[in-house]
Structure formats: C-alpha cells, structure tokens
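Chemist: File follows, run_18.txt with compact mmCIF, C-alpha atoms:
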# COMPACT_ATOMS: atom_id res chain seq x y z
CA MET A 850 -3.80 -52.61 98.76
CA LYS A 851 -5.78 -53.62 95.67
CA LYS A 852 -7.11 -57.12 95.29
CA GLN A 853 -8.72 -58.80 92.29
CA THR A 854 -12.43 -58.42 92.69
CA THR A 855 -15.60 -58.85 90.68
CA LEU A 856 -18.56 -56.50 90.29
CA PHE A 857 -20.67 -59.23 91.84
CA ASP A 858 -18.46 -59.24 94.98
CA LEU A 859 -18.75 -55.46 95.27
CA PHE A 860 -22.50 -55.48 94.81
CA PHE A 861 -23.17 -58.15 97.40
CA THR A 862 -20.70 -56.90 99.99
CA PHE A 863 -22.33 -53.47 99.93
CA PHE A 864 -25.81 -54.98 99.71
CA ARG A 865 -25.05 -56.73 103.02
CA ILE A 866 -23.74 -53.49 104.52
CA GLY A 867 -26.85 -51.64 103.32
CA ALA A 868 -29.16 -54.32 104.69
CA PHE A 869 -27.68 -54.46 108.21
CA THR A 870 -26.87 -50.88 109.18
CA ILE A 871 -29.90 -49.70 111.07
CA GLY A 872 -30.03 -46.01 111.93
CA GLY A 873 -27.68 -44.73 109.23
CA GLY A 874 -24.71 -42.42 109.69
CA TYR A 875 -21.83 -43.73 111.74
CA ALA A 876 -23.79 -46.87 112.65
CA MET A 877 -22.39 -48.52 109.55
CA VAL A 878 -18.73 -47.65 110.05
CA PRO A 879 -17.87 -50.78 112.11
CA LEU A 880 -19.55 -53.08 109.58
CA ILE A 881 -17.75 -51.43 106.65
CA GLN A 882 -14.50 -51.73 108.57
CA LYS A 883 -15.03 -55.46 109.05
CA GLU A 884 -16.11 -56.17 105.48
CA VAL A 885 -13.89 -53.81 103.49
CA ILE A 886 -10.68 -53.85 105.53
CA GLU A 887 -10.52 -57.16 107.41
CA HIS A 888 -12.53 -59.48 105.21
CA ARG A 889 -12.00 -58.25 101.63
CA GLN A 890 -8.88 -56.11 102.16
CA TRP A 891 -10.04 -53.58 99.57
CA LEU A 892 -8.61 -50.76 101.74
CA ASP A 893 -6.11 -50.63 104.60
CA THR A 894 -6.84 -48.82 107.87
CA GLU A 895 -5.03 -45.66 106.86
CA GLU A 896 -6.87 -45.39 103.54
CA PHE A 897 -10.14 -45.97 105.39
CA THR A 898 -9.40 -43.17 107.87
CA THR A 899 -8.72 -40.74 105.02
CA LEU A 900 -11.88 -41.94 103.31
CA LEU A 901 -13.93 -41.21 106.46
CA ALA A 902 -12.50 -37.69 106.54
CA ILE A 903 -13.49 -37.23 102.89
CA ALA A 904 -16.97 -38.66 103.55
CA GLU A 905 -17.40 -36.16 106.36
CA MET A 906 -16.32 -33.29 104.10
CA THR A 907 -18.46 -34.20 101.11
CA PRO A 908 -22.25 -34.13 100.92
CA GLY A 909 -24.38 -37.24 101.06
CA PRO A 910 -24.77 -40.27 103.29
CA ILE A 911 -21.49 -41.77 104.55
CA ALA A 912 -22.54 -45.27 103.43
CA VAL A 913 -23.04 -44.05 99.86
CA ASN A 914 -19.76 -42.11 99.86
CA THR A 915 -17.82 -45.17 101.03
CA ALA A 916 -19.50 -47.53 98.55
CA THR A 917 -18.79 -45.23 95.59
CA PHE A 918 -15.18 -44.78 96.67
CA VAL A 919 -14.37 -48.43 97.32
CA GLY A 920 -16.16 -49.46 94.11
CA TYR A 921 -14.16 -47.01 92.02
CA TRP A 922 -10.92 -47.80 93.84
CA THR A 923 -11.21 -51.52 93.10
CA SER A 924 -12.94 -51.66 89.68
CA GLY A 925 -13.36 -48.20 88.18
CA VAL A 926 -16.65 -46.52 87.31
CA ARG A 927 -18.50 -49.82 86.85
CA GLY A 928 -17.37 -50.87 90.32
CA ALA A 929 -18.62 -47.57 91.75
CA VAL A 930 -22.04 -48.14 90.18
CA ALA A 931 -22.23 -51.77 91.42
CA ALA A 932 -21.23 -50.89 95.01
CA THR A 933 -23.50 -47.82 95.22
CA LEU A 934 -26.50 -49.76 93.89
CA GLY A 935 -25.71 -52.51 96.38
CA VAL A 936 -25.69 -50.20 99.39
CA VAL A 937 -28.88 -48.35 98.38
CA LEU A 938 -31.13 -51.20 97.16
CA PRO A 939 -31.91 -52.92 100.52
CA SER A 940 -33.29 -49.77 102.12
CA PHE A 941 -35.04 -48.84 98.85
CA PHE A 942 -37.00 -52.11 98.84
CA ILE A 943 -37.71 -52.11 102.58
CA ILE A 944 -39.02 -48.53 102.59
CA LEU A 945 -41.00 -49.18 99.43
CA SER A 946 -42.86 -52.05 101.07
CA ILE A 947 -43.48 -49.98 104.21
CA ALA A 948 -44.75 -47.04 102.13
CA ILE A 949 -47.12 -49.40 100.32
CA PHE A 950 -48.55 -50.94 103.50
CA LEU A 951 -48.54 -47.88 105.78
CA PRO A 952 -51.88 -46.40 104.59
CA TRP A 953 -53.45 -49.81 105.21
CA ILE A 954 -52.07 -49.86 108.79
CA THR A 955 -52.96 -46.26 109.64
CA ARG A 956 -56.66 -46.96 108.99
CA TYR A 957 -56.75 -48.57 112.45
CA PRO A 958 -57.18 -46.14 115.35
CA VAL A 959 -54.51 -47.98 117.32
CA ALA A 960 -51.88 -46.78 114.79
CA GLU A 961 -52.67 -43.15 115.63
CA ARG A 962 -52.10 -43.89 119.34
CA ILE A 963 -48.75 -45.52 118.55
CA PHE A 964 -47.64 -42.54 116.46
CA TYR A 965 -48.86 -40.20 119.21
CA GLY A 966 -46.10 -41.69 121.37
CA VAL A 967 -43.52 -42.03 118.58
CA ARG A 968 -43.59 -38.38 117.38
CA PRO A 969 -42.31 -36.79 120.63
CA ALA A 970 -39.67 -39.56 120.80
CA VAL A 971 -38.39 -38.54 117.34
CA VAL A 972 -38.17 -34.93 118.55
CA ALA A 973 -36.08 -36.26 121.45
CA LEU A 974 -33.86 -38.18 119.01
CA ILE A 975 -33.18 -34.99 117.06
CA GLY A 976 -32.51 -33.16 120.34
CA TYR A 977 -30.07 -35.91 121.28
CA ALA A 978 -28.31 -35.59 117.91
CA ILE A 979 -27.89 -31.85 118.56
CA TYR A 980 -26.58 -32.57 122.06
CA ASN A 981 -23.95 -34.98 120.69
CA LEU A 982 -22.93 -32.77 117.76
CA GLY A 983 -22.83 -29.72 120.01
CA ARG A 984 -20.44 -31.28 122.50
CA LYS A 985 -18.11 -32.15 119.62
CA VAL A 986 -18.35 -28.98 117.51
CA LEU A 987 -19.27 -26.05 119.79
CA THR A 988 -15.84 -25.83 121.40
CA ASN A 989 -15.08 -22.14 120.76
CA SER A 990 -17.06 -18.91 120.69
CA PHE A 991 -16.95 -18.63 116.87
CA ALA A 992 -18.72 -21.99 116.52
CA VAL A 993 -21.34 -21.03 119.13
CA TRP A 994 -22.06 -17.72 117.36
CA VAL A 995 -22.39 -19.42 113.95
CA ALA A 996 -24.80 -22.05 115.30
CA LEU A 997 -26.86 -19.39 117.07
CA GLY A 998 -26.71 -17.06 114.04
CA VAL A 999 -27.90 -19.76 111.63
CA PHE A 1000 -30.78 -20.58 113.98
CA LEU A 1001 -31.79 -16.93 114.29
CA VAL A 1002 -31.57 -15.96 110.59
CA GLN A 1003 -33.95 -18.83 109.84
CA LEU A 1004 -36.35 -17.91 112.62
CA LEU A 1005 -36.36 -14.14 112.18
CA LEU A 1006 -35.44 -13.50 108.53
CA LYS A 1007 -36.95 -16.72 107.07
CA ILE A 1008 -33.70 -17.52 105.25
CA PRO A 1009 -33.84 -21.09 103.83
CA PRO A 1010 -31.28 -23.69 104.99
CA ILE A 1011 -28.99 -23.76 101.92
CA PRO A 1012 -28.28 -19.98 101.79
CA ALA A 1013 -27.82 -20.04 105.59
CA LEU A 1014 -25.30 -22.85 105.20
CA LEU A 1015 -23.39 -20.97 102.48
CA LEU A 1016 -23.31 -17.78 104.58
CA ALA A 1017 -21.80 -19.76 107.44
CA ALA A 1018 -19.25 -21.35 105.10
CA GLY A 1019 -18.20 -17.87 103.95
CA ALA A 1020 -17.88 -16.71 107.56
CA GLY A 1021 -15.74 -19.77 108.30
CA ILE A 1022 -13.38 -19.04 105.39
CA LEU A 1023 -12.99 -15.40 106.49
CA TYR A 1024 -12.47 -16.41 110.10
CA SER A 1025 -9.86 -19.08 109.32
CA ARG A 1026 -7.74 -16.94 107.00
CA PRO A 1027 -5.65 -15.01 109.58
CA LEU A 1028 -5.10 -18.18 111.62
CA GLU A 1029 -3.13 -19.80 108.80
CA HIS A 1030 -0.14 -17.54 109.47
CA LYS A 1031 -0.15 -18.16 113.22
CA ARG A 1032 -0.02 -21.98 112.93
CA LYS A 1033 -1.76 -23.61 115.82
CA PRO A 1034 0.41 -25.93 117.98
CA GLU A 1035 -1.45 -29.12 117.00
CA ASP A 1036 -0.75 -28.59 113.27
CA MET B 391 -43.64 -36.00 84.34
CA LYS B 392 -43.21 -32.56 85.92
CA LEU B 393 -43.69 -34.14 89.35
CA LEU B 394 -40.93 -36.69 88.64
CA VAL B 395 -38.53 -33.95 87.54
CA ASP B 396 -39.47 -31.94 90.65
CA LEU B 397 -38.82 -34.95 92.88
CA PHE B 398 -35.47 -35.65 91.22
CA PHE B 399 -34.15 -32.09 91.50
CA THR B 400 -35.52 -31.50 95.01
CA PHE B 401 -33.68 -34.56 96.30
CA PHE B 402 -30.62 -33.84 94.16
CA LYS B 403 -30.34 -30.49 95.94
CA ILE B 404 -30.82 -32.16 99.32
CA GLY B 405 -28.15 -34.73 98.43
CA ALA B 406 -25.75 -32.01 97.31
CA PHE B 407 -25.96 -29.90 100.48
CA THR B 408 -26.10 -32.36 103.37
CA PHE B 409 -22.66 -32.40 104.92
CA GLY B 410 -21.98 -34.90 107.69
CA GLY B 411 -24.77 -37.36 106.97
CA GLY B 412 -27.42 -38.58 109.38
CA TYR B 413 -29.64 -35.89 110.85
CA ALA B 414 -27.82 -33.11 108.97
CA MET B 415 -30.23 -33.57 106.06
CA LEU B 416 -33.44 -33.28 108.08
CA PRO B 417 -33.60 -29.46 107.92
CA LEU B 418 -33.23 -29.45 104.11
CA ILE B 419 -35.81 -32.20 103.63
CA GLN B 420 -38.18 -30.42 106.00
CA ASP B 421 -37.83 -27.12 104.15
CA ALA B 422 -38.32 -28.60 100.67
CA VAL B 423 -40.77 -31.42 101.31
CA ILE B 424 -43.06 -29.80 103.90
CA TYR B 425 -42.86 -26.05 103.34
CA LYS B 426 -42.02 -25.67 99.66
CA HIS B 427 -43.89 -28.56 98.02
CA GLY B 428 -46.33 -29.72 100.69
CA TRP B 429 -45.60 -33.39 99.94
CA LEU B 430 -45.76 -34.34 103.64
CA THR B 431 -47.19 -32.78 106.81
CA GLN B 432 -45.02 -32.22 109.92
CA GLN B 433 -46.72 -35.20 111.58
CA GLU B 434 -46.02 -37.49 108.61
CA PHE B 435 -42.42 -36.28 108.49
CA LEU B 436 -41.91 -37.32 112.13
CA GLU B 437 -43.38 -40.73 111.32
CA VAL B 438 -41.02 -41.14 108.35
CA ILE B 439 -38.02 -40.30 110.56
CA ALA B 440 -39.13 -42.95 113.07
CA ILE B 441 -39.46 -45.51 110.25
CA ALA B 442 -36.09 -44.48 108.79
CA GLU B 443 -34.48 -44.89 112.21
CA MET B 444 -35.87 -48.42 112.61
CA THR B 445 -34.97 -49.68 109.13
CA PRO B 446 -31.53 -50.25 107.61
CA GLY B 447 -29.83 -47.76 105.30
CA PRO B 448 -29.04 -44.04 105.31
CA ILE B 449 -31.88 -41.81 106.57
CA ALA B 450 -31.62 -39.59 103.47
CA VAL B 451 -32.21 -42.56 101.17
CA ASN B 452 -35.07 -43.87 103.31
CA THR B 453 -36.83 -40.49 103.27
CA ALA B 454 -36.32 -40.01 99.53
CA THR B 455 -37.78 -43.44 98.75
CA PHE B 456 -40.75 -42.84 101.06
CA VAL B 457 -41.60 -39.34 99.84
CA GLY B 458 -41.13 -40.40 96.20
CA TYR B 459 -43.54 -43.29 96.59
CA ARG B 460 -46.07 -41.21 98.51
CA THR B 461 -46.18 -38.51 95.83
CA ALA B 462 -45.71 -40.45 92.56
CA GLY B 463 -45.63 -44.21 93.18
CA LEU B 464 -42.80 -46.54 92.20
CA LEU B 465 -41.41 -44.18 89.53
CA GLY B 466 -41.45 -41.34 92.04
CA SER B 467 -39.45 -43.32 94.59
CA THR B 468 -36.92 -44.27 91.91
CA PHE B 469 -36.45 -40.66 90.78
CA ALA B 470 -36.19 -39.29 94.34
CA THR B 471 -33.70 -41.97 95.43
CA LEU B 472 -31.55 -41.48 92.32
CA GLY B 473 -31.64 -37.73 92.97
CA VAL B 474 -30.46 -37.98 96.56
CA VAL B 475 -27.63 -40.42 95.74
CA LEU B 476 -26.22 -38.90 92.52
CA PRO B 477 -24.50 -35.77 93.93
CA SER B 478 -22.36 -37.71 96.38
CA PHE B 479 -21.76 -40.41 93.76
CA LEU B 480 -20.40 -37.88 91.25
CA ILE B 481 -18.37 -35.93 93.83
CA ILE B 482 -16.74 -39.06 95.28
CA LEU B 483 -15.99 -40.32 91.78
CA VAL B 484 -14.03 -37.13 91.08
CA ILE B 485 -12.25 -37.24 94.46
CA ALA B 486 -11.36 -40.92 94.07
CA ARG B 487 -9.27 -39.96 91.04
CA PHE B 488 -7.25 -37.51 93.11
CA PHE B 489 -7.26 -39.41 96.40
CA GLY B 490 -6.01 -37.45 99.41
CA GLY B 491 -5.81 -34.07 97.70
CA LEU B 492 -8.93 -32.58 99.24
CA THR B 493 -7.95 -32.93 102.87
CA ASP B 494 -5.10 -30.40 102.72
CA LEU B 495 -6.84 -27.56 100.87
CA PRO B 496 -6.72 -24.49 103.16
CA TRP B 497 -10.05 -23.04 101.99
CA ALA B 498 -11.74 -26.38 102.68
CA LYS B 499 -10.68 -26.11 106.32
CA GLY B 500 -12.27 -22.66 106.59
CA PHE B 501 -15.38 -23.86 104.77
CA PHE B 502 -15.91 -26.56 107.39
CA THR B 503 -15.06 -24.24 110.26
CA GLY B 504 -18.27 -22.47 109.24
CA VAL B 505 -20.37 -25.40 108.04
CA LYS B 506 -19.99 -27.69 111.06
CA PRO B 507 -21.55 -25.32 113.63
CA ALA B 508 -24.06 -24.13 110.98
CA VAL B 509 -25.42 -27.68 110.73
CA ILE B 510 -26.22 -27.50 114.46
CA GLY B 511 -28.12 -24.25 113.91
CA LEU B 512 -30.03 -25.84 111.00
CA ILE B 513 -30.99 -28.95 112.98
CA GLY B 514 -31.87 -26.72 115.94
CA PHE B 515 -34.37 -24.80 113.82
CA ALA B 516 -35.80 -28.04 112.37
CA LEU B 517 -36.25 -29.22 115.97
CA TRP B 518 -37.98 -25.96 116.88
CA ARG B 519 -40.54 -26.39 114.09
CA LEU B 520 -41.07 -30.13 114.56
CA GLY B 521 -41.36 -29.68 118.30
CA SER B 522 -44.32 -27.37 117.86
CA ALA B 523 -46.05 -30.08 115.78
CA ALA B 524 -45.32 -33.00 118.11
CA LEU B 525 -45.36 -31.53 121.62
CA ILE B 526 -49.03 -30.60 121.69
CA ASP B 527 -50.10 -31.42 125.26
CA TYR B 528 -48.60 -32.37 128.64
CA ARG B 529 -48.60 -36.11 127.76
CA SER B 530 -46.53 -35.66 124.61
CA ILE B 531 -44.12 -33.38 126.52
CA LEU B 532 -43.81 -36.10 129.16
CA ILE B 533 -42.98 -38.71 126.49
CA PHE B 534 -40.44 -36.30 124.94
CA LEU B 535 -38.68 -35.73 128.29
CA GLY B 536 -38.72 -39.46 129.05
CA ALA B 537 -37.20 -40.30 125.67
CA LEU B 538 -34.50 -37.64 126.07
CA PHE B 539 -33.68 -39.01 129.53
CA MET B 540 -33.36 -42.57 128.20
CA LEU B 541 -31.06 -41.39 125.38
CA ILE B 542 -28.75 -39.13 127.42
CA LYS B 543 -28.72 -40.73 130.88
CA TRP B 544 -29.25 -44.41 130.08
CA ARG B 545 -27.51 -44.26 126.67
CA LEU B 546 -30.31 -46.41 125.24
CA HIS B 547 -30.28 -47.14 121.49
CA PRO B 548 -32.86 -45.16 119.43
CA ILE B 549 -34.86 -48.27 118.47
CA PRO B 550 -35.86 -49.35 122.02
CA VAL B 551 -36.58 -45.68 122.79
CA ILE B 552 -39.02 -45.54 119.86
CA PHE B 553 -40.67 -48.81 120.97
CA LEU B 554 -41.03 -47.68 124.59
CA SER B 555 -42.51 -44.35 123.45
CA ALA B 556 -44.95 -46.15 121.16
CA LEU B 557 -46.02 -48.17 124.19
CA CYS B 558 -46.47 -44.97 126.21
CA GLY B 559 -48.61 -43.61 123.36
CA LEU B 560 -50.79 -46.71 123.48
CA LEU B 561 -51.25 -46.42 127.25
CA LEU B 562 -51.68 -42.64 127.50
CA ALA B 563 -53.54 -41.59 124.35
For this file, produce the structure as structure tokens.
Modeler:
Amino acid sequence: MKKQTTLFDLFFTFFRIGAFTIGGGYAMVPLIQKEVIEHRQWLDTEEFTTLLAIAEMTPGPIAVNTATFVGYWTSGVRGAVAATLGVVLPSFFIILSIAIFLPWITRYPVAERIFYGVRPAVVALIGYAIYNLGRKVLTNSFAVWVALGVFLVQLLLKIPPIPALLLAAGAGILYSRPLEHKRKPED
Amino acid sequence: MKLLVDLFFTFFKIGAFTFGGGYAMLPLIQDAVIYKHGWLTQQEFLEVIAIAEMTPGPIAVNTATFVGYRTAGLLGSTFATLGVVLPSFLIILVIARFFGGLTDLPWAKGFFTGVKPAVIGLIGFALWRLGSAALIDYRSILIFLGALFMLIKWRLHPIPVIFLSALCGLLLA
C-alpha cells in the first residue's frame, strides 16, 4: 500500500519515533506500528510483520532497519536517507549533550555514589536480557550447547566475539542441513 | 585523522555483526572499545549503558555517539555514528529491492539456528566480565540482586530500576 509522501514527512515521522523510543530494541515497535501502519499507511500489517522478521535477521538496530526500509519503499534511496537520518538524529543530539556535560557532573563526589548504585543495576539489566532471550531461544539441546560453547571459547581460548559468532553460524548450517529432508510438522 | 578512521571502521564492524539489536551489540562494543582500543574503562562502559537505557534511540547508536565524542569530539561522534548505522542501511537497501526473498533461503535458517543461541553466549561472557568490574563488595552485590528481583519478579521497567539503584548507591556508598 504505497501513498504519496514527501521526504519531509519521512524525516519527521522517524524523527518522532527516534525521539520517543526509550530503551531501544523492541521498545519502538508499537510506536512504529502506530505511525507507519495506522497513521501514515506506508505499510500494511503483513508487510510490517515480514519487515520485523528481516530486521531480526539483518545486523543493526531494529529502528534503523525499519526506517531505511520504509524510506526506500515509499521514496527510493533519498527516502531511505531521510528516514534513517530522522530516526538517528534525536539520540545523536541527546547523547552529544550528555557526553559534553558528563565530565562536569562527575567532578562532584555525589555522582560517584550514584554510579556506584547504577553499575550493578546495569549488570542486572544485562542478566535480565539473557534471562528473557534464553527462555525464547534455548528450547533444545543444540541451542544450549551453542550458547555454552560460545561462552567457553571466549573464556578459555580468548576467541573474540565475531569469530565465535561465525563458528556458531557454521555449526547451525551444518546442524540444520539433515532436518530439511525430514520436514518438521509446523513447516 | 587516523583516530577518526579507526572509530568509523570499529563501529562499522560492530554495526555489521550485531544481529537482533538491543543488548546483542554489547559484547562486540565491549571487546573493541574496552579491550582492543582502550577508549573506555569497564566502569565507564556500564555508565554509558545506563545512559543509553534512559535516553531515546537504539543503544548501539547511543554508545557510538558517546564513545566517538569522548575520544575525538564532535567529528568523532559523527564518524562513529555513521559507522554503526551504515552496514544496516546498505543491507536493508539491497533487501528492500528484493522484498521477501531473504526469509525463505534455507541456509539463512541454519545460519540463525546457530547465531541466535550464540548471541546468548556472547552476552553471557560480556556479563561475566562486566560483573567482575561492578560487583566489587557486598553492597554492590546486594544492589545487583535487588535490581534483578525488581526486573524478574515485579516486571519493573529498566528506568525506575536504574533510579532506585542510584538511590541505593546514594544511601549505601
């Protein structure tokens, strides 16, 4: 469902999405849904679902993936540039101002006490992300072994993350190959 | 100039290999920014994640902007942010031309059968290393356990959890 749209529209719609999705990741999916499907009708629900699957399968932040896609879909390469700039600029400016003022704030001893409490909380946030991902992904023994293996090769053999990721991808391709002939019931 | 090129390519690589978004990119940023280049310490990295969590926008973009500014000012933040965004921009541009085709490739399915659990192993190792920098005494371990409890049991949003933990830091430290 394509609708006439201007670069200006694209830029500001994604600027709004970029400015109001705190936390990143899937936090911005509902807002994109509202703006892109209901309000602007640049995509329908089915196209959006496929787009989410693609965003999950391609590298990079989901917000950026969606902006580039919708921008290109509605107005070609120039649309992709306008939408992507729109979604990135709000956080760019906000973080820039924080980075400028942070050294000024951390001169006060009270800032160190605040960060003393914040740091363990961030470790908990990462632990929580693993907990959530794990419940979704670690559903068979292959997945558990890959997760454990990737952890251990980094700890014991000092293999950096990208080679570890590629090794796991290779293992996944080898593991999935025989299953294609069997056809699982849900396919 | 060399620093700007370094920033661009470091974040380009991070942008090109973070599948799934969100916390999936933390291990790669940690490896490159802390261990390879020494642009941030573990402590500073944890602070940047907290800031990224409390401000709008993707965490990868937030971190790139912050690290870029910290190491090379305004130009640095521009180069790092461009670097982290460009890979997904170019890939999506190619896919948008052939919409739908990627989802039925058989090798792609196998690729993600391996990559999805691998991301958990990567984040697990990042957690292991960051934990040793943040959980330094019984008070910080107490704050960690409290935050985890609020997230899992009370299903509290990350932002109030960060605020409550900051308050605990003020009272305990």
Chemist: Select residues of chain B: the criterion is any atom within 6 Å of an atom of chain A, counting all atoms listed in the file; output as a ChimeraX atom specification.
Modeler: /B:405-412,436,443,445-449,456,478-479,500-501,503-505,507-508,510-511,515,524,530,534,537-538,552,555-556,558-560,563
Chemist: Tell me, in Å to one decimal, how far CA of Ile482 (chain B) is from CA of Phe860 (chain A).
Modeler: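 Interatomic distance here is 17.4 Å.
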Chemist: Rounded to one decimal in Å, what is the spacing between CA of Lys883 (chain A) and CA of Met444 (chain B)?
Modeler: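 CA of Met444 (chain B) lies 22.3 Å from CA of Lys883 (chain A).
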Chemist: Please indicate the distance in Å from CA of Gln433 (chain B) to CA of Ala523 (chain B), rounded to one decimal place.
Modeler: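 Separation between CA of Gln433 (chain B) and CA of Ala523 (chain B): 6.7 Å.
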Chemist: Which of these, B:Thr455, B:Gly463, B:Gln432, B:Ala486, has the shortest distance to Gly521 (chain B) once you count all atoms listed in the file?
Modeler: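 Using all atoms listed in the file, the shortest distance to Gly521 (chain B) belongs to B:Gln432.
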Chemist: At a cut-off of 9 Å, using all atoms listed in the file, what residues contact Thr862 (chain A)? Leave out same-chain residues fewer than 6 positions from it and give the result as a list in words.
Modeler: Glu884, Val885, Arg889, Ala932, Gly935 and Val936 of chain A
Chemist: Residues within 10 Å of Ala422 (chain B), please, as a PyMOL selection string. Count only C-alpha atoms; anything in the same chain fewer than 6 positions from it doesn't count.
Modeler: (chain A and resi 1009-1010) or (chain B and resi 400-401+403-404+428-430)
Chemist: For those residues, write C-alpha atoms to a file as an mmCIF file, in the coordinates of the input.
Modeler:
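Contents of the output file part_9.cif:
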data_model
loop_
_atom_site.group_PDB
_atom_site.id
_atom_site.type_symbol
_atom_site.label_atom_id
_atom_site.label_comp_id
_atom_site.auth_asym_id
_atom_site.auth_seq_id
_atom_site.Cartn_x
_atom_site.Cartn_y
_atom_site.Cartn_z
ATOM 1 C CA PRO A 1009 -33.840 -21.090 103.830
ATOM 2 C CA PRO A 1010 -31.280 -23.690 104.990
ATOM 3 C CA THR B 400 -35.520 -31.500 95.010
ATOM 4 C CA PHE B 401 -33.680 -34.560 96.300
ATOM 5 C CA LYS B 403 -30.340 -30.490 95.940
ATOM 6 C CA ILE B 404 -30.820 -32.160 99.320
ATOM 7 C CA GLY B 428 -46.330 -29.720 100.690
ATOM 8 C CA TRP B 429 -45.600 -33.390 99.940
ATOM 9 C CA LEU B 430 -45.760 -34.340 103.640
#
Chemist: Closest to Arg487 (chain B) among A:Arg984, A:Leu859, A:Thr923, A:Ile954, using all atoms listed in the file?
Modeler: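 For Arg487 (chain B), the nearest of the candidates is A:Thr923.
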